[in-house]
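Quick look at model.cif (mmCIF, C-alpha atoms and all ligand atoms):
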```
data_work
#
loop_
_atom_site.label_atom_id
_atom_site.label_comp_id
_atom_site.auth_asym_id
_atom_site.auth_seq_id
_atom_site.Cartn_x
_atom_site.Cartn_y
_atom_site.Cartn_z
CA MET A 1 13.73 21.22 -1.57
CA LYS A 2 15.44 18.25 0.04
CA VAL A 3 13.26 15.23 0.78
CA CYS A 4 13.99 12.11 2.81
CA VAL A 5 12.08 8.89 2.12
CA ILE A 6 11.87 6.34 4.94
CA GLY A 7 11.77 2.70 3.80
CA ASN A 8 13.41 0.29 1.38
CA GLY A 9 10.71 -1.55 -0.59
CA GLY A 10 9.13 -1.25 -4.03
CA ARG A 11 6.72 1.43 -2.82
CA GLU A 12 9.57 3.55 -1.49
CA HIS A 13 11.57 3.00 -4.69
CA ALA A 14 8.59 4.34 -6.67
CA ILE A 15 8.15 7.32 -4.31
CA ALA A 16 11.85 8.21 -4.42
CA TRP A 17 11.93 7.85 -8.22
CA ARG A 18 8.88 10.10 -8.66
CA LEU A 19 10.26 12.68 -6.22
CA SER A 20 13.60 12.65 -8.05
CA ILE A 21 11.87 13.93 -11.20
CA SER A 22 9.74 16.53 -9.38
CA PRO A 23 10.75 20.07 -10.36
CA SER A 24 10.74 21.32 -6.76
CA VAL A 25 13.01 18.54 -5.47
CA GLU A 26 16.76 19.10 -5.64
CA LYS A 27 17.80 16.11 -3.53
CA VAL A 28 16.30 12.84 -2.35
CA TYR A 29 17.69 10.87 0.60
CA ALA A 30 16.57 7.36 1.48
CA VAL A 31 16.67 5.96 5.04
CA PRO A 32 17.91 3.29 4.71
CA GLY A 33 16.78 2.73 1.10
CA SER A 34 18.06 -0.16 -0.99
CA ALA A 35 20.94 -0.54 -3.42
CA ALA A 36 18.49 -0.10 -6.31
CA MET A 37 17.15 3.12 -4.78
CA GLY A 38 20.72 4.41 -4.94
CA GLY A 39 19.98 5.25 -8.59
CA VAL A 40 17.51 7.97 -7.57
CA ALA A 41 18.42 8.82 -3.96
CA GLU A 42 21.40 9.13 -1.65
CA LEU A 43 21.33 6.22 0.76
CA VAL A 44 21.68 7.02 4.45
CA GLY A 45 22.75 4.19 6.74
CA ILE A 46 20.42 5.02 9.61
CA ASP A 47 17.53 2.91 10.86
CA TRP A 48 14.30 4.84 11.48
CA THR A 49 14.25 3.50 15.04
CA GLN A 50 17.41 5.55 15.74
CA THR A 51 15.23 8.63 16.07
CA ASP A 52 17.81 10.98 17.62
CA LEU A 53 20.36 10.11 14.96
CA LEU A 54 17.77 10.54 12.24
CA ILE A 55 16.67 13.95 13.52
CA ARG A 56 20.28 15.09 13.72
CA PHE A 57 20.88 13.96 10.13
CA LEU A 58 17.73 15.73 8.90
CA LYS A 59 18.66 18.97 10.68
CA ASP A 60 22.33 18.88 9.66
CA ASN A 61 21.35 18.37 6.02
CA LYS A 62 18.49 20.89 6.09
CA VAL A 63 15.93 18.36 4.90
CA ASP A 64 12.61 20.11 4.15
CA LEU A 65 10.28 17.11 4.16
CA VAL A 66 10.21 13.50 5.33
CA VAL A 67 8.02 10.97 3.53
CA VAL A 68 7.32 7.85 5.59
CA GLY A 69 6.69 4.82 3.35
CA PRO A 70 5.77 1.84 5.56
CA GLU A 71 3.13 1.52 8.27
CA ALA A 72 5.39 0.32 11.12
CA PRO A 73 7.17 3.66 11.74
CA LEU A 74 3.84 5.53 11.49
CA VAL A 75 2.11 3.23 13.97
CA ALA A 76 5.15 3.59 16.26
CA GLY A 77 4.86 7.40 16.19
CA LEU A 78 7.78 8.49 13.99
CA ALA A 79 5.76 11.35 12.47
CA ASP A 80 5.04 12.70 15.97
CA ASP A 81 8.75 12.65 16.89
CA LEU A 82 9.73 14.45 13.68
CA ASN A 83 6.93 17.00 13.97
CA LYS A 84 8.03 17.72 17.55
CA ALA A 85 11.45 18.53 16.10
CA SER A 86 9.72 20.93 13.63
CA ILE A 87 10.39 18.70 10.61
CA PRO A 88 7.46 18.55 8.15
CA VAL A 89 6.27 14.98 7.58
CA PHE A 90 4.11 13.38 4.91
CA GLY A 91 2.50 10.67 7.03
CA PRO A 92 -0.02 10.50 9.87
CA SER A 93 0.55 10.77 13.62
CA LYS A 94 0.58 7.67 15.80
CA ALA A 95 -3.02 8.41 16.83
CA ALA A 96 -4.31 8.73 13.25
CA ALA A 97 -2.25 5.75 12.05
CA GLN A 98 -4.38 3.53 14.32
CA LEU A 99 -6.67 3.48 11.30
CA GLU A 100 -4.27 0.83 9.99
CA GLY A 101 -2.65 -0.26 13.25
CA SER A 102 -5.91 -1.44 14.82
CA LYS A 103 -8.77 -2.96 12.86
CA VAL A 104 -10.98 -2.52 15.94
CA PHE A 105 -10.21 1.22 16.05
CA ALA A 106 -10.99 1.56 12.32
CA LYS A 107 -14.23 -0.42 12.46
CA ASP A 108 -15.49 1.37 15.59
CA LEU A 109 -14.79 4.77 14.01
CA MET A 110 -16.58 3.75 10.80
CA LYS A 111 -19.56 2.61 12.84
CA LYS A 112 -19.60 5.83 14.88
CA TYR A 113 -19.54 8.02 11.74
CA ASN A 114 -21.78 5.85 9.52
CA ILE A 115 -19.08 5.05 7.00
CA PRO A 116 -20.20 2.06 4.91
CA THR A 117 -18.42 -1.19 5.81
CA ALA A 118 -19.30 -4.81 6.65
CA ALA A 119 -21.09 -5.64 9.92
CA TYR A 120 -18.63 -7.06 12.47
CA GLY A 121 -17.88 -8.35 15.92
CA VAL A 122 -14.75 -8.02 18.08
CA PHE A 123 -13.46 -11.00 20.08
CA SER A 124 -10.62 -12.07 22.35
CA ASP A 125 -12.34 -15.26 23.47
CA VAL A 126 -12.25 -18.30 21.15
CA ASP A 127 -15.65 -19.70 22.17
CA GLU A 128 -17.44 -16.38 21.76
CA ALA A 129 -15.79 -15.91 18.37
CA LYS A 130 -16.92 -19.37 17.28
CA GLN A 131 -20.49 -18.68 18.41
CA PHE A 132 -20.52 -15.53 16.28
CA ILE A 133 -19.18 -17.50 13.31
CA ALA A 134 -21.80 -20.24 13.75
CA HIS A 135 -24.54 -17.62 13.96
CA THR A 136 -23.33 -15.57 10.95
CA GLY A 137 -22.33 -18.50 8.68
CA ALA A 138 -19.76 -18.61 5.88
CA PRO A 139 -18.23 -17.10 3.84
CA ILE A 140 -16.91 -14.89 6.62
CA VAL A 141 -13.76 -12.83 7.18
CA VAL A 142 -11.41 -13.13 10.18
CA LYS A 143 -8.88 -10.33 10.77
CA ALA A 144 -6.13 -9.96 13.34
CA ASP A 145 -6.56 -6.59 15.08
CA GLY A 146 -2.95 -5.41 14.73
CA LEU A 147 -0.30 -5.21 12.01
CA ALA A 148 0.44 -8.58 10.40
CA ALA A 149 2.28 -7.69 7.16
CA GLY A 150 -0.77 -8.32 4.98
CA LYS A 151 -1.14 -11.88 6.30
CA GLY A 152 -3.61 -11.26 9.12
CA VAL A 153 -6.77 -11.58 7.01
CA VAL A 154 -8.49 -14.89 6.29
CA VAL A 155 -11.46 -14.98 3.93
CA ALA A 156 -12.99 -18.25 5.14
CA MET A 157 -15.28 -20.04 2.72
CA THR A 158 -16.51 -22.45 5.43
CA VAL A 159 -17.32 -22.21 9.14
CA GLU A 160 -14.56 -24.76 9.84
CA GLU A 161 -11.98 -22.61 8.06
CA ALA A 162 -13.08 -19.57 10.07
CA ASN A 163 -12.84 -21.54 13.32
CA VAL A 164 -9.31 -22.64 12.46
CA ALA A 165 -8.33 -19.01 11.72
CA VAL A 166 -9.75 -17.87 15.06
CA GLU A 167 -7.92 -20.64 16.95
CA ASP A 168 -4.71 -19.85 15.08
CA MET A 169 -4.88 -16.18 16.00
CA LEU A 170 -6.39 -16.27 19.50
CA SER A 171 -4.99 -19.43 21.06
CA GLY A 172 -2.22 -20.33 18.57
CA ASN A 173 -0.63 -16.89 18.99
CA ARG A 174 0.04 -16.82 15.21
CA PHE A 175 0.55 -13.05 15.09
CA GLY A 176 1.53 -12.51 18.72
CA ASP A 177 -0.13 -9.46 20.31
CA ALA A 178 -1.38 -8.31 16.90
CA GLY A 179 -3.70 -11.34 16.86
CA SER A 180 -4.81 -11.39 20.50
CA THR A 181 -8.03 -9.68 19.43
CA VAL A 182 -9.81 -10.42 16.16
CA VAL A 183 -12.42 -8.65 14.11
CA ILE A 184 -14.88 -11.00 12.42
CA GLU A 185 -16.76 -9.47 9.51
CA LYS A 186 -19.59 -10.41 7.24
CA PHE A 187 -18.31 -11.33 3.78
CA MET A 188 -18.90 -8.66 1.13
CA ALA A 189 -19.39 -9.79 -2.46
CA GLY A 190 -18.08 -7.61 -5.28
CA GLU A 191 -14.88 -6.47 -6.91
CA GLU A 192 -12.15 -4.66 -4.97
CA ALA A 193 -10.48 -1.37 -5.82
CA SER A 194 -7.87 0.74 -4.04
CA LEU A 195 -8.57 4.44 -3.80
CA LEU A 196 -5.66 6.42 -2.38
CA ALA A 197 -5.85 10.11 -1.55
CA PHE A 198 -3.56 12.98 -0.62
CA VAL A 199 -4.70 14.50 2.68
CA ASP A 200 -3.55 17.62 4.57
CA GLY A 201 -5.64 17.23 7.71
CA LYS A 202 -8.86 18.45 6.10
CA THR A 203 -8.63 18.58 2.29
CA VAL A 204 -8.80 15.19 0.55
CA VAL A 205 -7.70 14.86 -3.10
CA PRO A 206 -8.19 11.42 -4.65
CA MET A 207 -5.59 9.67 -6.76
CA ILE A 208 -6.33 7.57 -9.80
CA ALA A 209 -8.06 4.29 -8.82
CA ALA A 210 -6.01 1.09 -8.86
CA GLN A 211 -6.76 -2.60 -8.49
CA ASP A 212 -4.51 -4.99 -6.56
CA HIS A 213 -4.25 -8.79 -6.93
CA LYS A 214 -3.84 -10.09 -3.39
CA ARG A 215 -3.79 -13.87 -3.94
CA ILE A 216 -0.61 -15.60 -4.98
CA PHE A 217 -2.02 -17.57 -7.96
CA ASP A 218 -3.90 -16.76 -11.16
CA GLY A 219 -7.68 -16.64 -10.86
CA ASP A 220 -7.41 -15.25 -7.29
CA LYS A 221 -6.41 -18.66 -5.93
CA GLY A 222 -4.10 -19.51 -3.02
CA PRO A 223 -3.16 -17.55 0.08
CA ASN A 224 -3.14 -13.78 0.44
CA THR A 225 0.08 -11.89 -0.23
CA GLY A 226 1.11 -8.26 0.12
CA GLY A 227 -0.06 -7.84 -3.51
CA MET A 228 1.05 -9.61 -6.70
CA GLY A 229 0.29 -6.87 -9.21
CA THR A 230 -1.75 -3.77 -9.90
CA TYR A 231 -3.05 -1.61 -12.68
CA ALA A 232 -4.48 1.88 -12.97
CA PRO A 233 -6.85 3.37 -13.77
CA ALA A 234 -9.20 0.60 -12.64
CA PRO A 235 -12.47 0.86 -14.61
CA VAL A 236 -14.44 -0.84 -11.81
CA LEU A 237 -14.26 2.44 -9.90
CA THR A 238 -16.07 4.70 -12.36
CA ASP A 239 -15.92 8.47 -11.87
CA ALA A 240 -19.40 8.33 -10.33
CA LEU A 241 -18.39 5.58 -7.87
CA ARG A 242 -15.18 7.43 -7.01
CA ASP A 243 -17.24 10.54 -6.23
CA THR A 244 -19.53 8.44 -4.05
CA ALA A 245 -16.53 6.95 -2.23
CA MET A 246 -15.13 10.44 -1.67
CA LYS A 247 -18.46 11.71 -0.28
CA THR A 248 -19.39 8.71 1.84
CA ILE A 249 -16.01 7.28 2.87
CA LEU A 250 -12.77 9.25 2.47
CA GLN A 251 -13.94 12.79 3.29
CA PRO A 252 -16.12 11.62 6.22
CA MET A 253 -13.21 9.60 7.65
CA VAL A 254 -10.81 12.57 7.41
CA ASP A 255 -13.48 14.81 8.98
CA ALA A 256 -14.07 12.23 11.72
CA LEU A 257 -10.37 12.04 12.59
CA ALA A 258 -10.20 15.84 12.79
CA VAL A 259 -13.24 15.90 15.11
CA GLU A 260 -11.62 13.19 17.24
CA GLY A 261 -8.54 15.40 17.64
CA MET A 262 -6.20 13.38 15.42
CA PRO A 263 -6.11 15.15 12.04
CA TYR A 264 -4.90 12.90 9.22
CA VAL A 265 -1.91 13.95 7.09
CA GLY A 266 -0.38 11.87 4.30
CA CYS A 267 -1.73 9.22 1.97
CA LEU A 268 -5.02 7.70 3.03
CA TYR A 269 -5.57 4.31 1.42
CA ALA A 270 -9.14 3.05 1.22
CA GLY A 271 -9.45 -0.59 0.19
CA LEU A 272 -12.96 -0.69 -1.22
CA MET A 273 -15.42 -3.41 -2.15
CA ILE A 274 -17.68 -2.31 -4.98
CA THR A 275 -20.92 -3.94 -3.85
CA ASP A 276 -24.45 -3.79 -5.26
CA GLN A 277 -25.11 -1.08 -2.64
CA GLY A 278 -22.08 0.97 -3.70
CA PRO A 279 -18.52 1.20 -2.36
CA LYS A 280 -17.87 -0.14 1.16
CA VAL A 281 -14.65 -0.18 3.15
CA VAL A 282 -12.64 -3.41 3.31
CA GLU A 283 -9.75 -1.72 5.11
CA PHE A 284 -7.99 1.57 5.60
CA ASN A 285 -4.22 1.86 5.38
CA ALA A 286 -2.25 4.82 6.68
CA ARG A 287 0.24 4.95 3.80
CA PHE A 288 0.66 4.38 0.08
CA GLY A 289 -0.24 0.90 -1.17
CA ASP A 290 2.39 -1.52 -2.35
CA PRO A 291 2.23 -2.22 -5.31
CA GLU A 292 -0.50 0.41 -5.98
CA THR A 293 2.13 3.16 -5.72
CA GLN A 294 4.13 1.60 -8.55
CA VAL A 295 1.24 2.24 -10.99
CA VAL A 296 -0.31 5.38 -9.51
CA LEU A 297 2.75 7.62 -9.23
CA PRO A 298 3.97 7.13 -12.84
CA LEU A 299 0.57 8.51 -13.94
CA LEU A 300 0.79 11.61 -11.75
CA GLU A 301 1.21 14.95 -13.45
CA GLY A 302 2.16 17.74 -11.12
CA ASP A 303 4.94 18.14 -8.64
CA LEU A 304 4.89 15.29 -6.09
CA GLY A 305 7.34 17.12 -3.79
CA GLN A 306 5.08 20.20 -3.66
CA ILE A 307 1.94 18.09 -3.22
CA MET A 308 3.46 16.21 -0.28
CA LEU A 309 4.83 19.37 1.32
CA SER A 310 1.38 20.97 0.97
CA CYS A 311 -0.11 17.98 2.78
CA ALA A 312 2.47 18.27 5.55
CA THR A 313 1.82 22.00 5.97
CA GLY A 314 -1.99 21.99 5.67
CA SER A 315 -2.21 23.80 2.33
CA LEU A 316 -3.18 21.15 -0.23
CA GLU A 317 -5.23 22.38 -3.20
CA PRO A 318 -7.06 20.03 -5.59
CA LYS A 319 -5.60 21.82 -8.62
CA GLN A 320 -2.09 20.63 -7.67
CA VAL A 321 -3.03 17.04 -8.53
CA LYS A 322 -3.49 16.04 -12.18
CA TRP A 323 -3.34 12.71 -13.96
CA LYS A 324 -1.99 11.57 -17.32
CA ASP A 325 -4.51 10.18 -19.76
CA SER A 326 -2.73 6.81 -19.93
CA SER A 327 -2.42 3.50 -18.08
CA ALA A 328 0.09 1.60 -15.99
CA ALA A 329 0.36 -2.08 -15.02
CA CYS A 330 2.70 -3.70 -12.50
CA VAL A 331 3.59 -7.40 -12.38
CA ILE A 332 5.27 -8.51 -9.15
CA LEU A 333 8.01 -11.11 -9.45
CA ALA A 334 8.14 -13.05 -6.19
CA SER A 335 10.72 -15.43 -4.82
CA LYS A 336 10.45 -19.16 -4.26
CA GLY A 337 8.17 -20.08 -1.37
CA TYR A 338 6.37 -16.73 -1.14
CA PRO A 339 4.09 -15.96 0.70
CA GLU A 340 4.73 -18.68 3.33
CA THR A 341 8.50 -18.25 3.12
CA SER A 342 10.89 -16.52 0.76
CA SER A 343 14.27 -17.36 -0.64
CA LYS A 344 17.27 -15.09 -0.57
CA GLY A 345 20.47 -14.80 -2.56
CA ASP A 346 19.25 -16.02 -5.98
CA VAL A 347 20.91 -14.02 -8.77
CA VAL A 348 18.49 -11.92 -10.82
CA HIS A 349 19.33 -12.34 -14.51
CA GLY A 350 18.19 -9.95 -17.21
CA GLU A 351 17.95 -6.31 -18.07
CA LEU A 352 16.86 -4.14 -15.13
CA LYS A 353 17.34 -0.71 -16.73
CA GLN A 354 14.59 1.85 -16.86
CA TYR A 355 13.00 2.87 -20.16
CA ASP A 356 10.31 5.40 -21.10
CA THR A 357 7.65 2.69 -21.30
CA THR A 358 8.82 0.23 -18.64
CA ILE A 359 10.17 0.81 -15.15
CA ILE A 360 11.45 -1.73 -12.66
CA PHE A 361 10.97 -1.02 -8.98
CA HIS A 362 12.92 -3.21 -6.55
CA SER A 363 10.85 -4.63 -3.69
CA GLY A 364 13.35 -7.09 -2.25
CA THR A 365 16.81 -7.18 -3.80
CA LYS A 366 20.33 -6.45 -2.72
CA LEU A 367 23.54 -6.03 -4.60
CA GLU A 368 26.13 -8.79 -4.35
CA GLY A 369 29.18 -7.87 -6.35
CA GLU A 370 27.80 -6.73 -9.68
CA HIS A 371 24.54 -8.64 -9.46
CA PHE A 372 21.24 -7.99 -7.82
CA VAL A 373 20.11 -11.01 -5.82
CA THR A 374 16.74 -11.80 -4.26
CA ASN A 375 16.31 -10.53 -0.71
CA GLY A 376 12.70 -11.07 0.29
CA GLY A 377 9.28 -12.35 -0.78
CA ARG A 378 8.38 -9.78 -3.38
CA VAL A 379 11.49 -9.11 -5.45
CA LEU A 380 10.70 -6.80 -8.38
CA GLY A 381 7.73 -4.82 -9.65
CA VAL A 382 7.82 -4.65 -13.43
CA VAL A 383 5.76 -1.69 -14.61
CA GLY A 384 4.52 -1.13 -18.16
CA LEU A 385 3.14 2.23 -19.28
CA GLY A 386 0.95 2.84 -22.31
CA LYS A 387 -1.87 4.86 -23.78
CA ASN A 388 -4.27 2.14 -22.66
CA LEU A 389 -4.23 -0.82 -20.27
CA ARG A 390 -3.69 -3.43 -23.00
CA THR A 391 -0.49 -1.72 -24.13
CA ALA A 392 0.68 -1.20 -20.55
CA LEU A 393 0.15 -4.89 -19.73
CA ASP A 394 1.83 -6.08 -22.94
CA ARG A 395 4.85 -3.95 -22.16
CA ALA A 396 5.07 -5.16 -18.57
CA TYR A 397 4.82 -8.85 -19.53
CA GLU A 398 7.27 -8.43 -22.43
CA ARG A 399 9.78 -7.09 -19.92
CA VAL A 400 9.02 -9.95 -17.49
CA ASN A 401 9.98 -12.42 -20.26
CA HIS A 402 13.53 -11.09 -20.10
CA ILE A 403 14.02 -11.44 -16.34
CA GLU A 404 14.78 -14.65 -14.52
CA PHE A 405 15.81 -15.95 -11.13
CA GLU A 406 15.62 -19.33 -9.40
CA GLY A 407 12.05 -20.09 -8.29
CA MET A 408 10.61 -16.84 -9.77
CA GLN A 409 6.83 -16.77 -9.55
CA TYR A 410 4.34 -14.26 -10.91
CA ARG A 411 0.71 -14.02 -11.95
CA THR A 412 -0.11 -14.09 -15.65
CA ASP A 413 -3.57 -12.55 -15.26
CA ILE A 414 -2.86 -9.06 -13.91
CA GLY A 415 -5.47 -6.67 -15.28
CA ALA A 416 -7.74 -9.45 -16.61
CA LYS A 417 -10.76 -8.20 -14.61
CA ALA A 418 -10.63 -4.88 -16.44
CA PHE A 419 -11.54 -6.68 -19.68
CA LYS A 420 -14.19 -9.04 -18.37
CA ASN A 421 -17.08 -6.83 -19.43
N1 LIG B 501 -1.42 -3.67 -1.76
C1 LIG B 501 -2.00 -3.74 -0.50
C2 LIG B 501 -1.40 -2.89 0.52
O1 LIG B 501 -0.56 -2.08 0.24
O2 LIG B 501 -1.76 -3.01 1.67
#
```
Represent the structure of the file as C-alpha cells.
Amino acid sequence: MKVCVIGNGGREHAIAWRLSISPSVEKVYAVPGSAAMGGVAELVGIDWTQTDLLIRFLKDNKVDLVVVGPEAPLVAGLADDLNKASIPVFGPSKAAAQLEGSKVFAKDLMKKYNIPTAAYGVFSDVDEAKQFIAHTGAPIVVKADGLAAGKGVVVAMTVEEANVAVEDMLSGNRFGDAGSTVVIEKFMAGEEASLLAFVDGKTVVPMIAAQDHKRIFDGDKGPNTGGMGTYAPAPVLTDALRDTAMKTILQPMVDALAVEGMPYVGCLYAGLMITDQGPKVVEFNARFGDPETQVVLPLLEGDLGQIMLSCATGSLEPKQVKWKDSSAACVILASKGYPETSSKGDVVHGELKQYDTTIIFHSGTKLEGEHFVTNGGRVLGVVGLGKNLRTALDRAYERVNHIEFEGMQYRTDIGAKAFKN
C-alpha cells in the first residue's frame, strides 16, 4: 500500500521510518516532511492546510492511507475532510480530537463517565480562579484550555505561582484564545507514564508503556518542554497497572466517545499518573507522543501499515500488535535557549547515520548545503536499542557523545527512574 504521513518532526520521522520497513507498505510520502525524512519517504511540497491540493495529490497517486502526526491538523478537522473524500485516515475526527484540543472537554467527559482523574474547576474569570486556588492550596496545576504546544501547563508549587499562571493566561493573553479559559486541577503525587493505544473506533490495543521527561533539566528541574527523552518499556506501569488503565481509562474513554457520536480512530495517548489509588489521567492526546513514538515504534513487531489501516477501517485485532522483548531509550538534543526560545542555523557535527542499535530521528533540522543545521527547539532524538534498558541507554548516550552543535543541551538522567527501586 501507499501511505502518506502528515508532519515534519521527530515523531513523524519515526512513523515514516517504521512504515518504510513494514511489509505491506510499498511507498511512503511525507507532507511536507523534512530533509532527514527524505531518507525513508518521498517529500511532497504541500502544506496540510492546502486541503484541496492535498486531496488531489492523494487521489492522483492512489494513496491508500493517511497518517496524521501532529495535533493541529486533527483539531482543525483534516481527518474529516479526507474521510469525506473517501481517503482512509489514521487519526481522529475534529470532534474526537477535542480530547486534546480542549482540556475542559476532556475533563468534563472524564467526569461524566467516571474515568479517574484529578478534581478540577474551570475558569475564565481571574478572581474566581484565584478564590479556587486559595481554597484548594498548593501544589496545584493550572492548564490553558486549548492547544499551547506543550507549554500551557504550570505545576505551581505555591499559591503565588498559581496566581501568576492564571493572570498570565487569563489577563496576560499568554496563549491567546487557547488560554482564555483555564482548568485548575488538584495536584496528583506519583510517577508519570505514557500509555498509547491503537484504536479503530471501538477496539483498543495498548502499546508498550513509555516514560517521558518533560522538564528541561536533570532531576525534573526547570520549565516544561515538549519532552526531553523517553524510554520503553517503563517498569512503573506494570502489566497489572496497564490492565487496570485499559479497563478504567482507555477502553471507557473510547466507549464514551462512541456513545457521544464521535468514535475515536488513531492513536490515543493517555498521560497517566501512577498514584497510590492506581492510574489516573493527567491528559489525553489525540496522536502519538513525541518523543514516546521514537522508543515505542522501534519495539513494535507486526506490520505498522496494516495495523494503521485496520484502525482506519474499523477492523483492528489485538493479535496484529506484538512487541519485541527488548528496550529503547531516546535522548533529545535541544538547541540553545529551548524551551523559552530556540536557535536556528547551527551546524550539526557528527555521525547521523542509522545503525542496528542506534537510530537518529530528526525533530528540528534542515539541510544547508551538505550539512544539517538546527531548525527548532528540539533538534535530534538519539535512540539506543538493547536487550535491556541499561544497554539501550548506554548506546544512546555513547552516540550523543559523538554529536555536537552550538548550544546543544540534553538531559543526562533519561531512564534514571527505572532504576530507583
Ligand atoms: N511527550 C509528550 C507529548 O507528546 O505530548
Compare A:Asn61, A:Ser93, A:Asn83, A:Thr244 by their minimum atom-to-atom distance to A:Leu195, counting all atoms listed in the file, and give me the closest one.
->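 Using all atoms listed in the file, the shortest distance to A:Leu195 belongs to A:Thr244.
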Closest to ligand LIG 501 (chain B) among A:Gly150, A:Gly337, A:Gly278, A:Pro92, using all atoms listed in the file?
-> A:Gly150
Residues within 8 Å of ligand LIG 501 (chain B), counting only C-alpha atoms and all ligand atoms: report them as a count of residues only.
-> 13
Can you list, as JSON, numbers by chain, every protein, DNA or RNA residue that comes within 7 Å of A:Leu272 when you count all atoms listed in the file, leaving out same-chain residues fewer than 2 positions away?
-> {"A": [192, 193, 194, 270, 274, 279, 280, 281, 282]}
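Only residues having an atom at most 12 Å from (8.8, -15.6, 1.2) are included; using all atoms listed in the file, these are Ala149, Lys151, Ile216, Thr225, Gly226, Leu333, Ala334, Ser335, Lys336, Gly337, Tyr338, Pro339, Glu340, Thr341, Ser342, Ser343, Lys344, Gly364, Thr374, Asn375, Gly376, Gly377, Arg378, Val379, Gly407, Met408 and Gln409 of chain A.
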Which is closer to A:Lys27 than all the others in A:Gly271, A:Pro116, A:Gly305, A:Gly91, using all atoms listed in the file?
->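 So, comparing all the options, the nearest one is A:Gly305.
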A:Met207, A:Val155, A:Leu352, A:Ala240: which is nearest A:Arg399, counting all atoms listed in the file?
->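 Of the candidates, the smallest distance to A:Arg399 is held by A:Leu352.
Closest to A:Ala30 among A:Thr49, A:Asn8, A:Thr181, A:Ser315 is A:Asn8, based on only C-alpha atoms.
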To one decimal place, how far is atom CA of A:Lys2 from atom CA of A:Ser20 in Å?
-> 10.0 Å
For stretch 289-300 of chain A, I'd like the enclosing box, axis-aligned and padded by 3 Å on every side, reported as JSON with centre and edge lengths in Å to one decimal.
```
{"center_x": 1.8, "center_y": 4.7, "center_z": -7.6, "size_x": 10.6, "size_y": 19.8, "size_z": 18.8}
```
For A:Asp108: contacts at 12 Å, all atoms listed in the file, fewer than 3 positions along chain excluded, given as a count of residues only | 22
List every protein, DNA or RNA residue with an atom no more than 10 Å from (-9.0, -18.5, 13.7) in the file's coordinates, counting all atoms listed in the file, and format the result as a ChimeraX atom specification.
-> /A:126,129-130,141-144,153-154,156,160-172,174,179,182,184
Between A:Pro88, A:Gly152, A:Gly261, A:Gly190, which one has atoms that come closest to A:Gly101, using all atoms listed in the file?
-> A:Gly152
Å distance separating atom CA of A:Glu26 from atom CA of A:Asp356, one decimal place = 21.6 Å
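Our summary of the geometry notes that atom CA of A:Lys420 is positioned 28.4 Å from atom CA of A:Ile403.
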Fewer than 6 positions away in the same chain doesn't count, so skip those; otherwise give me all residues within 7 Å of A:Asp200, counting all atoms listed in the file, as a list in words.
->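 The filter keeps Tyr264, Val265, Gly266, Ser310, Cys311, Ala312, Gly314, Ser315 and Leu316 of chain A.
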Would you save stretch 83-94 of chain A to a file, keeping N, CA and C atoms, as a PDB file, in the first residue's frame?
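As written to disk, part30.pdb reads:
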```
ATOM      1  N   ASN A  83     -11.675  11.943   5.073  1.00  0.00           N
ATOM      2  CA  ASN A  83     -12.696  10.882   5.100  1.00  0.00           C
ATOM      3  C   ASN A  83     -13.845  11.196   4.149  1.00  0.00           C
ATOM      4  N   LYS A  84     -14.221  12.481   4.087  1.00  0.00           N
ATOM      5  CA  LYS A  84     -15.292  12.896   3.168  1.00  0.00           C
ATOM      6  C   LYS A  84     -14.909  12.597   1.724  1.00  0.00           C
ATOM      7  N   ALA A  85     -13.593  12.649   1.460  1.00  0.00           N
ATOM      8  CA  ALA A  85     -13.108  12.356   0.104  1.00  0.00           C
ATOM      9  C   ALA A  85     -12.807  10.863  -0.062  1.00  0.00           C
ATOM     10  N   SER A  86     -13.312  10.050   0.890  1.00  0.00           N
ATOM     11  CA  SER A  86     -13.142   8.578   0.878  1.00  0.00           C
ATOM     12  C   SER A  86     -11.683   8.145   0.963  1.00  0.00           C
ATOM     13  N   ILE A  87     -10.876   8.900   1.696  1.00  0.00           N
ATOM     14  CA  ILE A  87      -9.472   8.506   1.908  1.00  0.00           C
ATOM     15  C   ILE A  87      -9.335   8.030   3.355  1.00  0.00           C
ATOM     16  N   PRO A  88      -8.942   6.762   3.561  1.00  0.00           N
ATOM     17  CA  PRO A  88      -8.792   6.269   4.940  1.00  0.00           C
ATOM     18  C   PRO A  88      -7.719   7.051   5.704  1.00  0.00           C
ATOM     19  N   VAL A  89      -8.033   7.367   6.953  1.00  0.00           N
ATOM     20  CA  VAL A  89      -7.128   8.185   7.774  1.00  0.00           C
ATOM     21  C   VAL A  89      -6.872   7.508   9.115  1.00  0.00           C
ATOM     22  N   PHE A  90      -5.608   7.472   9.508  1.00  0.00           N
ATOM     23  CA  PHE A  90      -5.254   7.080  10.872  1.00  0.00           C
ATOM     24  C   PHE A  90      -5.133   8.377  11.664  1.00  0.00           C
ATOM     25  N   GLY A  91      -6.186   8.679  12.423  1.00  0.00           N
ATOM     26  CA  GLY A  91      -6.240   9.933  13.181  1.00  0.00           C
ATOM     27  C   GLY A  91      -7.689  10.268  13.411  1.00  0.00           C
ATOM     28  N   PRO A  92      -8.008  10.871  14.571  1.00  0.00           N
ATOM     29  CA  PRO A  92      -9.404  11.123  14.917  1.00  0.00           C
ATOM     30  C   PRO A  92     -10.027  12.310  14.184  1.00  0.00           C
ATOM     31  N   SER A  93     -11.363  12.310  14.191  1.00  0.00           N
ATOM     32  CA  SER A  93     -12.141  13.423  13.638  1.00  0.00           C
ATOM     33  C   SER A  93     -11.932  14.665  14.509  1.00  0.00           C
ATOM     34  N   LYS A  94     -12.354  15.792  13.965  1.00  0.00           N
ATOM     35  CA  LYS A  94     -12.282  17.052  14.713  1.00  0.00           C
ATOM     36  C   LYS A  94     -13.014  16.929  16.061  1.00  0.00           C
TER      37      LYS A  94
END
```
